[in-house]
Amino acid sequence: MDKFLSITVGGFATGAIYAVAASGLVLTYATTGTFNFAHGAIGMVAAFLYWQVHVAWGWSTPVSLVAVLLVAAPLFGVGLERLIMRRLEGTSETTRLVVTISLLLGLLGFSVAMWAPGTNRPMRQFFQGNVLELAGIRIPWHQLVSLAAAAAVAIGLRLLLYGTRRGITMRASVDNRSLVALNGSRPEHSAMVSWALGCSLAALSGILIAPTLTLSAVPLTLLIVNAYGAAIFGRLQSLPLTFVGAMVIGLATSYGIGYLSSLPTDLQPYARGLVDALPAIVLLAVVWLLPASRLAQVTRTREIAAKPSWGGAIALAVASVVGSAMLAPLLTTGELVSIGRLWGIAIVGLSMIPVIGLSGQLSLSQLTFAGFGAVAYAHLGWANPLGLVWAALVAGVVAGLVALPLVRLQGIYVALATAAFTVLCDRWLFPLPEFSIGSRPFQFFPGSLPVVRPHLLGIDLTSPTASFVYASVVFALLALLVVAIRRSAFGARLIAIKEGPAAVATAGISVAAVKVGVFALSGAIAGIGGAILSSSSPATVSQFDLVAGLPILLVMVVGGITSVGAPVFAGVFLGSPLPTKLMSGHFDLGRWQNALIGLVGVSVGRNPNGVSAALNPAGRRVKADLPVAAALIVALGTAWGLRITETISNGPYVALTIAALVGSVWLARRRLPEAISLAELDSVRGVASGATAPMIEPELLGLTVPYTPEAVAALDEALDLASAGRRVEVSSAGG
Amino acid sequence: MLAVEDVSVRFGGQLALQDVNLQAPVGEITGLIGPNGAGKTTLFNVITGLGSPTRGRVLLDDRDVTRIAPHRRARLGLSRTFQQLQLVGSLSVRENIELVVRRDRGGESASACATRVMDLLGVAHLADVLAHTIPTGQARLVELARALASRPRLLLLDEPASGQDPQETDQFKEILRTVAADGVGILLVEHDVPLVMGVCSRIHVLDYGRIIASGSPSEVQSDPEVVAAYLGTTEVSDA
């Protein structure tokens with residue numbers, strides 16, 4: 001009984017910390033519409049900062065608390081709002097979520113760079129050693145402090161939101177920012193206040209929870225992810241329900257941990273992961289019980305999913321295979337092993353295009369589906385391409401099943417539910433010890449998966465060189481498949497359910513069927529990616545966890561999530577040691593790599609269509625200019641020839657290759673004057689040839705665009721006004 | 001034949017629709033007019049399944065479709081356009097239209113069907129233009145083309161003429177007549193009173209969520225409650 005009571009009190013105390021974290025999350029979401037995935041990471045960094053000033057520098061407790069909670073955290077929040085969040089208006093939910101994911105990764109990278117892992121950093125509890133004896137149980141003061149903090153936060157927020165003018169403006173900003181501005185308030189001030197407050201609350205929860213486990217970046221970041229379940233419990237709106245949810249999760253985990261040892265010893269290993277995954281299970285349960293989202297209507301967006309051309313897709317596919325075939329012989333076996341993951345990662349990135357890029361379903365489970373593919377492939381052990389088909393089938397079915405309960409939901413809820421599924425898999429399902437299915441023993445990951453090197457029609461592809469090229473062929477074929485999907489009727493439906501679900505539903509298309517279909521399809525592609533990953537090196541559980549999957553999504557979005565070029569970026573950046581090599585050559589930039597990737601990610605708000613969209617015109621210029629394109633191919637071939645005959649070493653080879661690429665773009669630009677090439681390539685009408693920019697923006701004519709009769713005529717033609725005749729006269733008179 | 005029976009919708013304490021009854025027969029154009037906020041779009045949402053009524057039924061050819069998902073109603077022959085344009089911006093006009101062509105209806109291919117409706121509405125020259133770049137008046141026609149491509153028996157049009165110039169409105173009137181003559185029932189919500197009076201055989205007037213008058217254009221025009229609530233004396237004499 002005493003045990004039950006003290007576990008209960010402990011549960012409430014943990015719940016109180018989750019409640020503080022979750023209320024900060026709900027506050028920023030409700031007032032700014034941005035779900036801050038980095039909320040936990042902010043709390044984590046705050047905990048480290050608190051350790052730094054309090055323990056390392058010896059500042060007193062009150063001073064340290066003021067420095068972190070009332071100075072550093074709010075300042076960070078204000079900076080965040082001014083520099084990043086404010087620029088995200090008019091971007092999609094995907095972009096906004098990815099920006100906060102980048103922030104998470106950036107903060108994670110920052111903390112690892114600042115506070116090297118592996119060092120023991122003891123965090124003392126508040127009033128450590130003091131306990132309150134009550135009804136026969138001993139309650140540490142730290143738990144009382146947590147409960148008091150939660151109560152203070154609850155009362156404070158209630159007073160702020162309902163009792164002050166600022167609070168009322170904040171609540172109004174959610175519904176209509178411009179209306180609030182028209183009525184004389186400044187919505188950006190409200191946003192700044194809520195980001196500042198949200199960061200302080202994250203910091204408070206981080207500082208409270210850090211002493212209950214070791215001060216370590218990843219677990220701390222993810223522990224506060226548990227608070228997301230509570231926030232969803234309150235449907236991201238209601239603070240009282242959020243508190244209830246936090247208590248439910250706090251108690252559930254507390255009982256789980258407390259009574260785990262009461263289970264029979266042989267069952268404990270099976271249940272342990274389940275306890276870790278409890279908040280994720282609560283989150284999934286709540287999401288499944290949520291009422292269906294209303295079908296959204298079209299809103300204006302800065303993001304346009306360009307239609308890829310077959311020419312570009314084939315060029316990419318050929319370049320991938322030829323590039324791999326040229327590169328592989330130049331590398332030593334050791335180097336090949338270290339870049340062996342390139343194409344596997346690229347395929348997982350590719351799998352995000354249909355589901356996230358085209359249909360706008362924020363699946364954070366793609367790497368988990370890859371994990372299922374890897375397990376299926378390795379356990380079956382077929383080295384021929386049929387093994388890949390099997391991996392696709394298994395992962396596709398899993399993904400389809402995951403999608404079933406999600407079809408009623410949209411946006412952030414899909415992201416959170418898939419994140420919860422991923423956490424459930426990487427904390428419980430994948431690490432499960434051996435169990436039996438029927439009479440056959442089975443274990444998802446027996447340590448690491450056996451490597452099954454590919455084999456094709458009797459040809460042995462087991463050498464690292466051959467399997468690297470084989471992987472590039474698989475990638476190239478899948479990239480063509482993705483382009484084919486985009487160009488098909490199904491692809492049009494995918495884009496339609498992203499941009500205007502209400503319109504397609506009332507036109508007779510089942511949004512639910514399309515969603516399940518795209519999840520299954522993307523899951524199948526990811527499954528092949530997982531199989532390719534496990535065919536190059538022994539795969540382990542941690543390679544498929546939530547934190548491993550986020551950078552792939554990030555690089556995909558930075559590269560342009562609807563473009564088949566982006567997965568190559570993802571593969572090169574995340575599946576090869578290239579970035580570390582490039583950076584570590586000069587000074588110790590390697591340890592800042594993650595922080596840098598995060599920084600790049602938060603910049604996507606500026607160009608939500610990604611790098612590929614920006615590079616696309618350059619590529620098209622080169623392609624349109626035959627002599628330059630031919631010269632480029634000759635130059636690349638020559639450089640390779642020099643390297644393979646060992647005339648030159650790696651350094652000059654890389655330099656020559658880059659020089660050839662950059663030089664060809666420069667030459668093509670020189671030879672085709674900007675104005676003509678724009679008109680030729682994008683064809684001023686904004687024809688659906690993959691043009692990403694709308695024609696000339698009418699309101700800018702005469703301001704940033706020269707007011708020439710040609711431009712006006714082009715505009716008239718595009719608007720179909722030329723036939724009316726009168727506009728042309730006006731324009732020539734004006735010009 | 002579309003029939004709405006005793007439909008009420010309550011948003012919190014607000015009664016948005018109250019015991020609304022109306023019919024829209026096949027082959028005719030039925031008007032639904034009323035001041036802003038009268039509940040016209042709410043009624044459209046209830047009919048197409050984007051919203052559900054607190055009470056009442058929606059019948060399509062005597063079949064109760066009140067609890068059926070929007071896409072299934074569409075497959076039963078119900079199609080609509082939106083007051084706020086709902087074209088898929090990243091797709092071309094042709095792709096927007098081909099999107100909804102039902103292959104199981106047999107006959108022509110998706111592209112043939114798209115070509116036919118684009119010709120009918122005079123937007124064929126926009127076929128390959130991305131939908132987010134075309135001006136509103138034309139976009140309304142494209143949305144109507146898309147609605148027609150799903151071969152509806154009943155077509156709900158939510159302010160289809162807003163954003164059109166007078167010349168376009170005249171063409172539009174002809175298009176509506178052609179479509180109705182083809183055996184399609186049209187329920188038309190429109191603020192352009194001359195347009196409504198000119199093409200509708202019956203008109204329902206909605207005010208504060210209630211139908212306050214139903215009848216032929218001339219009956220509605222002379223109804224004192226309508227005059228008081230909506231049209232205003234000068235507008236009646238204009239029309």
# chains A, B, ... in the order shown; residues from 1 in each chain; ligands from 1

call {"tool": "select_by_dssp", "arguments": {"residues": "segment 20-206 of chain B", "states": "strand (DSSP E)", "output": "JSON, numbers by chain"}}
result
{"B": [20, 21, 22, 23, 24, 29, 30, 31, 32, 33, 55, 56, 57, 58, 59, 60, 63, 64, 78, 79, 80, 154, 155, 156, 157, 158, 185, 186, 187, 188, 189, 202, 203, 204, 205, 206]}

call {"tool": "residues_around", "arguments": {"residues": "Ile68 of chain B", "least_positions_apart": "5", "cutoff": "12 Å", "atoms": "only C-alpha atoms", "output": "PDB file with all heavy atoms, in the first residue's frame"}}
result
ATOM      1  N   ALA A 505     -13.031  15.463 -52.609  1.00  0.00           N
ATOM      2  CA  ALA A 505     -14.049  14.596 -52.011  1.00  0.00           C
ATOM      3  C   ALA A 505     -15.399  14.851 -52.666  1.00  0.00           C
ATOM      4  O   ALA A 505     -16.107  13.917 -53.016  1.00  0.00           O
ATOM      5  CB  ALA A 505     -14.135  14.825 -50.508  1.00  0.00           C
ATOM      6  N   THR A 506     -15.727  16.135 -52.872  1.00  0.00           N
ATOM      7  CA  THR A 506     -17.024  16.416 -53.478  1.00  0.00           C
ATOM      8  C   THR A 506     -17.003  16.144 -54.969  1.00  0.00           C
ATOM      9  O   THR A 506     -18.024  16.254 -55.630  1.00  0.00           O
ATOM     10  CB  THR A 506     -17.451  17.877 -53.239  1.00  0.00           C
ATOM     11  OG1 THR A 506     -16.408  18.736 -53.693  1.00  0.00           O
ATOM     12  CG2 THR A 506     -17.721  18.131 -51.780  1.00  0.00           C
ATOM     13  N   GLY A 508     -15.965  13.166 -55.946  1.00  0.00           N
ATOM     14  CA  GLY A 508     -16.134  11.719 -56.035  1.00  0.00           C
ATOM     15  C   GLY A 508     -14.887  10.908 -55.753  1.00  0.00           C
ATOM     16  O   GLY A 508     -14.857   9.716 -56.002  1.00  0.00           O
ATOM     17  N   SER A 510     -12.297   9.251 -53.089  1.00  0.00           N
ATOM     18  CA  SER A 510     -12.219   8.908 -51.679  1.00  0.00           C
ATOM     19  C   SER A 510     -10.865   9.325 -51.139  1.00  0.00           C
ATOM     20  O   SER A 510      -9.838   8.734 -51.458  1.00  0.00           O
ATOM     21  CB  SER A 510     -12.427   7.412 -51.489  1.00  0.00           C
ATOM     22  OG  SER A 510     -11.991   7.042 -50.211  1.00  0.00           O
TER      23      SER A 510
ATOM     24  N   VAL B  46     -24.006  20.854 -46.119  1.00  0.00           N
ATOM     25  CA  VAL B  46     -24.842  19.755 -45.626  1.00  0.00           C
ATOM     26  C   VAL B  46     -25.240  18.853 -46.796  1.00  0.00           C
ATOM     27  O   VAL B  46     -25.175  17.626 -46.711  1.00  0.00           O
ATOM     28  CB  VAL B  46     -26.094  20.304 -44.913  1.00  0.00           C
ATOM     29  CG1 VAL B  46     -27.121  19.191 -44.694  1.00  0.00           C
ATOM     30  CG2 VAL B  46     -25.697  20.937 -43.591  1.00  0.00           C
ATOM     31  N   ILE B  47     -25.602  19.459 -47.913  1.00  0.00           N
ATOM     32  CA  ILE B  47     -26.051  18.658 -49.049  1.00  0.00           C
ATOM     33  C   ILE B  47     -24.915  17.795 -49.589  1.00  0.00           C
ATOM     34  O   ILE B  47     -25.093  16.624 -49.902  1.00  0.00           O
ATOM     35  CB  ILE B  47     -26.613  19.570 -50.175  1.00  0.00           C
ATOM     36  CG1 ILE B  47     -27.877  20.285 -49.693  1.00  0.00           C
ATOM     37  CG2 ILE B  47     -26.905  18.752 -51.427  1.00  0.00           C
ATOM     38  CD1 ILE B  47     -28.406  21.331 -50.664  1.00  0.00           C
ATOM     39  N   THR B  48     -23.695  18.380 -49.657  1.00  0.00           N
ATOM     40  CA  THR B  48     -22.593  17.616 -50.251  1.00  0.00           C
ATOM     41  C   THR B  48     -21.845  16.753 -49.233  1.00  0.00           C
ATOM     42  O   THR B  48     -20.983  15.976 -49.610  1.00  0.00           O
ATOM     43  CB  THR B  48     -21.577  18.549 -50.927  1.00  0.00           C
ATOM     44  OG1 THR B  48     -21.242  19.604 -50.011  1.00  0.00           O
ATOM     45  CG2 THR B  48     -22.148  19.158 -52.180  1.00  0.00           C
ATOM     46  N   GLY B  49     -22.154  16.914 -47.944  1.00  0.00           N
ATOM     47  CA  GLY B  49     -21.553  16.030 -46.956  1.00  0.00           C
ATOM     48  C   GLY B  49     -20.325  16.595 -46.276  1.00  0.00           C
ATOM     49  O   GLY B  49     -19.682  15.911 -45.481  1.00  0.00           O
ATOM     50  N   LEU B  50     -19.970  17.846 -46.570  1.00  0.00           N
ATOM     51  CA  LEU B  50     -18.820  18.446 -45.880  1.00  0.00           C
ATOM     52  C   LEU B  50     -19.190  18.854 -44.453  1.00  0.00           C
ATOM     53  O   LEU B  50     -18.337  19.013 -43.600  1.00  0.00           O
ATOM     54  CB  LEU B  50     -18.289  19.654 -46.650  1.00  0.00           C
ATOM     55  CG  LEU B  50     -17.624  19.339 -47.994  1.00  0.00           C
ATOM     56  CD1 LEU B  50     -17.140  20.613 -48.650  1.00  0.00           C
ATOM     57  CD2 LEU B  50     -16.476  18.367 -47.818  1.00  0.00           C
ATOM     58  N   GLY B  51     -20.481  19.023 -44.224  1.00  0.00           N
ATOM     59  CA  GLY B  51     -20.958  19.288 -42.869  1.00  0.00           C
ATOM     60  C   GLY B  51     -22.136  18.367 -42.625  1.00  0.00           C
ATOM     61  O   GLY B  51     -22.731  17.865 -43.577  1.00  0.00           O
ATOM     62  N   SER B  52     -22.470  18.123 -41.346  1.00  0.00           N
ATOM     63  CA  SER B  52     -23.634  17.269 -41.129  1.00  0.00           C
ATOM     64  C   SER B  52     -24.713  18.055 -40.413  1.00  0.00           C
ATOM     65  O   SER B  52     -24.410  18.923 -39.593  1.00  0.00           O
ATOM     66  CB  SER B  52     -23.241  16.013 -40.354  1.00  0.00           C
ATOM     67  OG  SER B  52     -22.511  16.386 -39.217  1.00  0.00           O
ATOM     68  N   ARG B  57     -32.998  15.540 -43.262  1.00  0.00           N
ATOM     69  CA  ARG B  57     -32.473  14.568 -44.210  1.00  0.00           C
ATOM     70  C   ARG B  57     -32.152  15.232 -45.546  1.00  0.00           C
ATOM     71  O   ARG B  57     -32.711  16.266 -45.909  1.00  0.00           O
ATOM     72  CB  ARG B  57     -33.519  13.480 -44.484  1.00  0.00           C
ATOM     73  CG  ARG B  57     -33.964  12.705 -43.252  1.00  0.00           C
ATOM     74  CD  ARG B  57     -34.653  11.430 -43.650  1.00  0.00           C
ATOM     75  NE  ARG B  57     -35.846  11.670 -44.476  1.00  0.00           N
ATOM     76  CZ  ARG B  57     -36.469  10.707 -45.165  1.00  0.00           C
ATOM     77  NH1 ARG B  57     -35.991   9.476 -45.150  1.00  0.00           N
ATOM     78  NH2 ARG B  57     -37.542  10.982 -45.874  1.00  0.00           N
ATOM     79  N   VAL B  58     -31.224  14.608 -46.260  1.00  0.00           N
ATOM     80  CA  VAL B  58     -30.945  15.003 -47.634  1.00  0.00           C
ATOM     81  C   VAL B  58     -31.239  13.789 -48.515  1.00  0.00           C
ATOM     82  O   VAL B  58     -30.742  12.700 -48.254  1.00  0.00           O
ATOM     83  CB  VAL B  58     -29.467  15.416 -47.808  1.00  0.00           C
ATOM     84  CG1 VAL B  58     -29.187  15.765 -49.264  1.00  0.00           C
ATOM     85  CG2 VAL B  58     -29.126  16.584 -46.900  1.00  0.00           C
ATOM     86  N   LEU B  59     -32.092  13.978 -49.515  1.00  0.00           N
ATOM     87  CA  LEU B  59     -32.470  12.858 -50.380  1.00  0.00           C
ATOM     88  C   LEU B  59     -32.007  13.120 -51.803  1.00  0.00           C
ATOM     89  O   LEU B  59     -32.157  14.228 -52.322  1.00  0.00           O
ATOM     90  CB  LEU B  59     -33.991  12.668 -50.397  1.00  0.00           C
ATOM     91  CG  LEU B  59     -34.658  12.411 -49.050  1.00  0.00           C
ATOM     92  CD1 LEU B  59     -36.167  12.456 -49.193  1.00  0.00           C
ATOM     93  CD2 LEU B  59     -34.221  11.066 -48.501  1.00  0.00           C
ATOM     94  N   LEU B  60     -31.417  12.093 -52.389  1.00  0.00           N
ATOM     95  CA  LEU B  60     -31.009  12.190 -53.779  1.00  0.00           C
ATOM     96  C   LEU B  60     -31.760  11.090 -54.527  1.00  0.00           C
ATOM     97  O   LEU B  60     -31.544   9.911 -54.254  1.00  0.00           O
ATOM     98  CB  LEU B  60     -29.496  11.992 -53.881  1.00  0.00           C
ATOM     99  CG  LEU B  60     -28.838  12.391 -55.178  1.00  0.00           C
ATOM    100  CD1 LEU B  60     -29.046  13.861 -55.457  1.00  0.00           C
ATOM    101  CD2 LEU B  60     -27.352  12.070 -55.120  1.00  0.00           C
ATOM    102  N   ARG B  63     -33.274   8.627 -52.333  1.00  0.00           N
ATOM    103  CA  ARG B  63     -32.397   7.841 -51.478  1.00  0.00           C
ATOM    104  C   ARG B  63     -31.840   8.759 -50.393  1.00  0.00           C
ATOM    105  O   ARG B  63     -31.352   9.844 -50.686  1.00  0.00           O
ATOM    106  CB  ARG B  63     -31.276   7.266 -52.333  1.00  0.00           C
ATOM    107  CG  ARG B  63     -30.281   6.512 -51.521  1.00  0.00           C
ATOM    108  CD  ARG B  63     -29.278   5.802 -52.376  1.00  0.00           C
ATOM    109  NE  ARG B  63     -28.241   5.265 -51.503  1.00  0.00           N
ATOM    110  CZ  ARG B  63     -27.186   4.625 -51.940  1.00  0.00           C
ATOM    111  NH1 ARG B  63     -27.029   4.432 -53.240  1.00  0.00           N
ATOM    112  NH2 ARG B  63     -26.278   4.174 -51.100  1.00  0.00           N
ATOM    113  N   ARG B  73     -21.500  10.490 -52.250  1.00  0.00           N
ATOM    114  CA  ARG B  73     -22.595  11.313 -52.791  1.00  0.00           C
ATOM    115  C   ARG B  73     -22.237  11.779 -54.185  1.00  0.00           C
ATOM    116  O   ARG B  73     -23.078  11.806 -55.083  1.00  0.00           O
ATOM    117  CB  ARG B  73     -22.836  12.535 -51.910  1.00  0.00           C
ATOM    118  CG  ARG B  73     -23.281  12.165 -50.515  1.00  0.00           C
ATOM    119  CD  ARG B  73     -23.697  13.398 -49.769  1.00  0.00           C
ATOM    120  NE  ARG B  73     -23.564  13.158 -48.344  1.00  0.00           N
ATOM    121  CZ  ARG B  73     -24.158  13.872 -47.414  1.00  0.00           C
ATOM    122  NH1 ARG B  73     -24.921  14.893 -47.759  1.00  0.00           N
ATOM    123  NH2 ARG B  73     -23.999  13.593 -46.152  1.00  0.00           N
ATOM    124  N   ALA B  74     -20.951  12.167 -54.339  1.00  0.00           N
ATOM    125  CA  ALA B  74     -20.522  12.632 -55.652  1.00  0.00           C
ATOM    126  C   ALA B  74     -20.704  11.519 -56.671  1.00  0.00           C
ATOM    127  O   ALA B  74     -21.130  11.751 -57.797  1.00  0.00           O
ATOM    128  CB  ALA B  74     -19.069  13.077 -55.595  1.00  0.00           C
ATOM    129  N   ARG B  75     -20.407  10.284 -56.253  1.00  0.00           N
ATOM    130  CA  ARG B  75     -20.549   9.173 -57.193  1.00  0.00           C
ATOM    131  C   ARG B  75     -22.006   8.890 -57.509  1.00  0.00           C
ATOM    132  O   ARG B  75     -22.322   8.285 -58.520  1.00  0.00           O
ATOM    133  CB  ARG B  75     -19.885   7.910 -56.630  1.00  0.00           C
ATOM    134  CG  ARG B  75     -18.373   8.047 -56.642  1.00  0.00           C
ATOM    135  CD  ARG B  75     -17.705   6.842 -56.058  1.00  0.00           C
ATOM    136  NE  ARG B  75     -16.286   7.143 -55.817  1.00  0.00           N
ATOM    137  CZ  ARG B  75     -15.457   6.319 -55.206  1.00  0.00           C
ATOM    138  NH1 ARG B  75     -15.890   5.148 -54.779  1.00  0.00           N
ATOM    139  NH2 ARG B  75     -14.195   6.662 -55.024  1.00  0.00           N
ATOM    140  N   LEU B  76     -22.900   9.325 -56.618  1.00  0.00           N
ATOM    141  CA  LEU B  76     -24.335   9.167 -56.900  1.00  0.00           C
ATOM    142  C   LEU B  76     -24.837  10.296 -57.797  1.00  0.00           C
ATOM    143  O   LEU B  76     -26.024  10.354 -58.110  1.00  0.00           O
ATOM    144  CB  LEU B  76     -25.125   9.154 -55.589  1.00  0.00           C
ATOM    145  CG  LEU B  76     -24.919   7.910 -54.714  1.00  0.00           C
ATOM    146  CD1 LEU B  76     -25.603   8.081 -53.366  1.00  0.00           C
ATOM    147  CD2 LEU B  76     -25.443   6.668 -55.416  1.00  0.00           C
ATOM    148  N   LEU B  78     -23.874  13.863 -57.429  1.00  0.00           N
ATOM    149  CA  LEU B  78     -23.943  15.198 -56.842  1.00  0.00           C
ATOM    150  C   LEU B  78     -22.593  15.881 -57.039  1.00  0.00           C
ATOM    151  O   LEU B  78     -21.556  15.322 -56.721  1.00  0.00           O
ATOM    152  CB  LEU B  78     -24.221  15.043 -55.351  1.00  0.00           C
ATOM    153  CG  LEU B  78     -24.772  16.213 -54.573  1.00  0.00           C
ATOM    154  CD1 LEU B  78     -26.104  16.644 -55.144  1.00  0.00           C
ATOM    155  CD2 LEU B  78     -24.939  15.804 -53.112  1.00  0.00           C
TER     156      LEU B  78
END

call {"tool": "residues_around", "arguments": {"residues": "segment 228-244 of chain A", "least_positions_apart": "6", "cutoff": "9 Å", "atoms": "only C-alpha atoms", "output": "compact mmCIF listing (two decimals) with N, CA and C atoms, in the first residue's frame"}}
result
# COMPACT_ATOMS: atom_id res chain seq x y z
N GLY A 15 4.00 13.70 -13.83
CA GLY A 15 2.92 14.30 -14.62
C GLY A 15 2.96 15.81 -14.56
N ALA A 16 3.32 16.34 -13.38
CA ALA A 16 3.38 17.79 -13.23
C ALA A 16 4.42 18.39 -14.17
N TYR A 18 5.51 17.01 -17.00
CA TYR A 18 4.95 16.90 -18.35
C TYR A 18 3.93 18.02 -18.59
N ALA A 19 3.17 18.32 -17.55
CA ALA A 19 2.13 19.35 -17.69
C ALA A 19 2.76 20.71 -17.98
N VAL A 20 3.86 21.02 -17.29
CA VAL A 20 4.56 22.28 -17.54
C VAL A 20 5.04 22.32 -18.99
N ALA A 21 5.68 21.23 -19.43
CA ALA A 21 6.20 21.17 -20.79
C ALA A 21 5.05 21.30 -21.80
N ALA A 22 3.99 20.50 -21.57
CA ALA A 22 2.90 20.46 -22.53
C ALA A 22 2.15 21.78 -22.60
N SER A 23 2.05 22.48 -21.45
CA SER A 23 1.31 23.73 -21.51
C SER A 23 2.07 24.77 -22.33
N LEU A 25 3.90 24.03 -24.91
CA LEU A 25 3.67 23.58 -26.29
C LEU A 25 2.31 24.05 -26.79
N VAL A 26 1.29 23.83 -25.94
CA VAL A 26 -0.07 24.21 -26.33
C VAL A 26 -0.16 25.73 -26.50
N LEU A 27 0.52 26.44 -25.59
CA LEU A 27 0.47 27.90 -25.66
C LEU A 27 1.00 28.41 -27.00
N TYR A 29 1.42 26.70 -29.78
CA TYR A 29 0.63 26.22 -30.91
C TYR A 29 -0.67 27.00 -31.02
N ALA A 30 -1.32 27.20 -29.87
CA ALA A 30 -2.63 27.84 -29.92
C ALA A 30 -2.54 29.30 -30.33
N PHE A 35 3.44 24.08 -34.45
CA PHE A 35 3.72 23.04 -33.46
C PHE A 35 5.22 22.92 -33.33
N PHE A 37 8.24 21.22 -32.61
CA PHE A 37 8.82 19.90 -32.38
C PHE A 37 10.08 20.00 -31.52
N ALA A 150 3.90 23.19 -11.36
CA ALA A 150 2.78 22.95 -12.27
C ALA A 150 1.58 23.78 -11.85
N ALA A 154 -0.24 26.66 -14.02
CA ALA A 154 -1.66 26.59 -14.35
C ALA A 154 -2.37 27.90 -14.00
N LEU A 157 -1.03 30.95 -16.18
CA LEU A 157 -1.52 30.98 -17.56
C LEU A 157 -2.98 31.38 -17.61
N ARG A 158 -3.75 30.85 -16.67
CA ARG A 158 -5.17 31.18 -16.61
C ARG A 158 -5.35 32.70 -16.44
N PRO A 279 4.09 6.56 -23.14
CA PRO A 279 3.55 7.85 -23.59
C PRO A 279 3.18 7.82 -25.07
N ALA A 280 3.98 7.10 -25.86
CA ALA A 280 3.67 6.99 -27.28
C ALA A 280 2.36 6.25 -27.47
N ILE A 281 2.12 5.23 -26.65
CA ILE A 281 0.87 4.47 -26.77
C ILE A 281 -0.31 5.36 -26.40
N VAL A 282 -0.15 6.13 -25.31
CA VAL A 282 -1.22 7.06 -24.93
C VAL A 282 -1.50 8.02 -26.09
N LEU A 283 -0.41 8.55 -26.68
CA LEU A 283 -0.57 9.49 -27.78
C LEU A 283 -1.34 8.86 -28.95
N LEU A 284 -0.94 7.63 -29.29
CA LEU A 284 -1.63 6.92 -30.39
C LEU A 284 -3.10 6.74 -30.05
N VAL A 286 -5.01 8.45 -28.05
CA VAL A 286 -5.77 9.70 -28.10
C VAL A 286 -6.01 10.13 -29.55
N VAL A 287 -4.96 9.99 -30.37
CA VAL A 287 -5.11 10.39 -31.77
C VAL A 287 -6.19 9.55 -32.45
N LEU A 290 -9.59 10.84 -31.62
CA LEU A 290 -9.95 12.19 -32.04
C LEU A 290 -11.05 12.16 -33.09
N TYR A 413 -1.43 16.12 -36.69
CA TYR A 413 -1.85 14.90 -36.02
C TYR A 413 -1.26 13.67 -36.69
N LEU A 416 2.33 13.48 -35.52
CA LEU A 416 2.51 13.00 -34.16
C LEU A 416 2.17 11.53 -34.03
N ALA A 420 4.67 8.66 -32.93
CA ALA A 420 4.38 7.75 -31.83
C ALA A 420 4.56 6.30 -32.26

call {"tool": "atom_distance", "arguments": {"atom1": "atom CA of Cys113 of chain B", "atom2": "atom CA of Ala149 of chain B"}}
result
6.5 Å

call {"tool": "closest_atom_pairs", "arguments": {"of": "segment 49-124 of chain B", "to": "segment 16-33 of chain B", "cutoff": "9 Å", "atoms": "only C-alpha atoms", "output": "CSV"}}
result
residue,atom,partner,partner_atom,distance
B:Pro53,CA,B:Leu17,CA,8.7
B:Arg55,CA,B:Asp19,CA,8.2
B:Gly56,CA,B:Asp19,CA,7.5

call {"tool": "write_last_selection", "arguments": {"atoms": "N, CA and C atoms", "output": "PDB file, in the first residue's frame"}}
result
ATOM      1  N   PRO B  53     -25.960  17.767 -40.738  1.00  0.00           N
ATOM      2  CA  PRO B  53     -27.060  18.519 -40.132  1.00  0.00           C
ATOM      3  C   PRO B  53     -27.322  18.046 -38.710  1.00  0.00           C
ATOM      4  N   ARG B  55     -30.308  18.066 -37.577  1.00  0.00           N
ATOM      5  CA  ARG B  55     -31.579  17.371 -37.760  1.00  0.00           C
ATOM      6  C   ARG B  55     -31.931  17.419 -39.237  1.00  0.00           C
ATOM      7  N   GLY B  56     -32.757  16.497 -39.692  1.00  0.00           N
ATOM      8  CA  GLY B  56     -33.241  16.561 -41.063  1.00  0.00           C
ATOM      9  C   GLY B  56     -32.531  15.591 -41.991  1.00  0.00           C
TER      10      GLY B  56
END

call {"tool": "closest_residue", "arguments": {"among": "B:Gln138, B:Ser201, B:Thr54, B:Thr115", "to": "Ser162 of chain B", "atoms": "only C-alpha atoms"}}
result
B:Gln138

call {"tool": "atom_distance", "arguments": {"atom1": "atom CA of Thr34 of chain A", "atom2": "atom CA of Gly79 of chain A"}}
result
15.4 Å

call {"tool": "interface_residues", "arguments": {"of": "chain B", "to": "chain A", "cutoff": "7 Å", "atoms": "only C-alpha atoms", "output": "VMD selection string"}}
result
chain B and resid 48 70 to 72 74 to 75 79 to 80 86 88 90 92 95 99 to 100 128 to 130 133 to 135 147 150

call {"tool": "residues_around", "arguments": {"residues": "segment 525-538 of chain A", "least_positions_apart": "4", "cutoff": "7 Å", "atoms": "only C-alpha atoms", "output": "VMD selection string"}}
result
chain A and resid 340 to 341 344 to 345 347 to 348 351 366 to 367 369 to 374 377 388 391 to 392 395 448 to 454 471 521
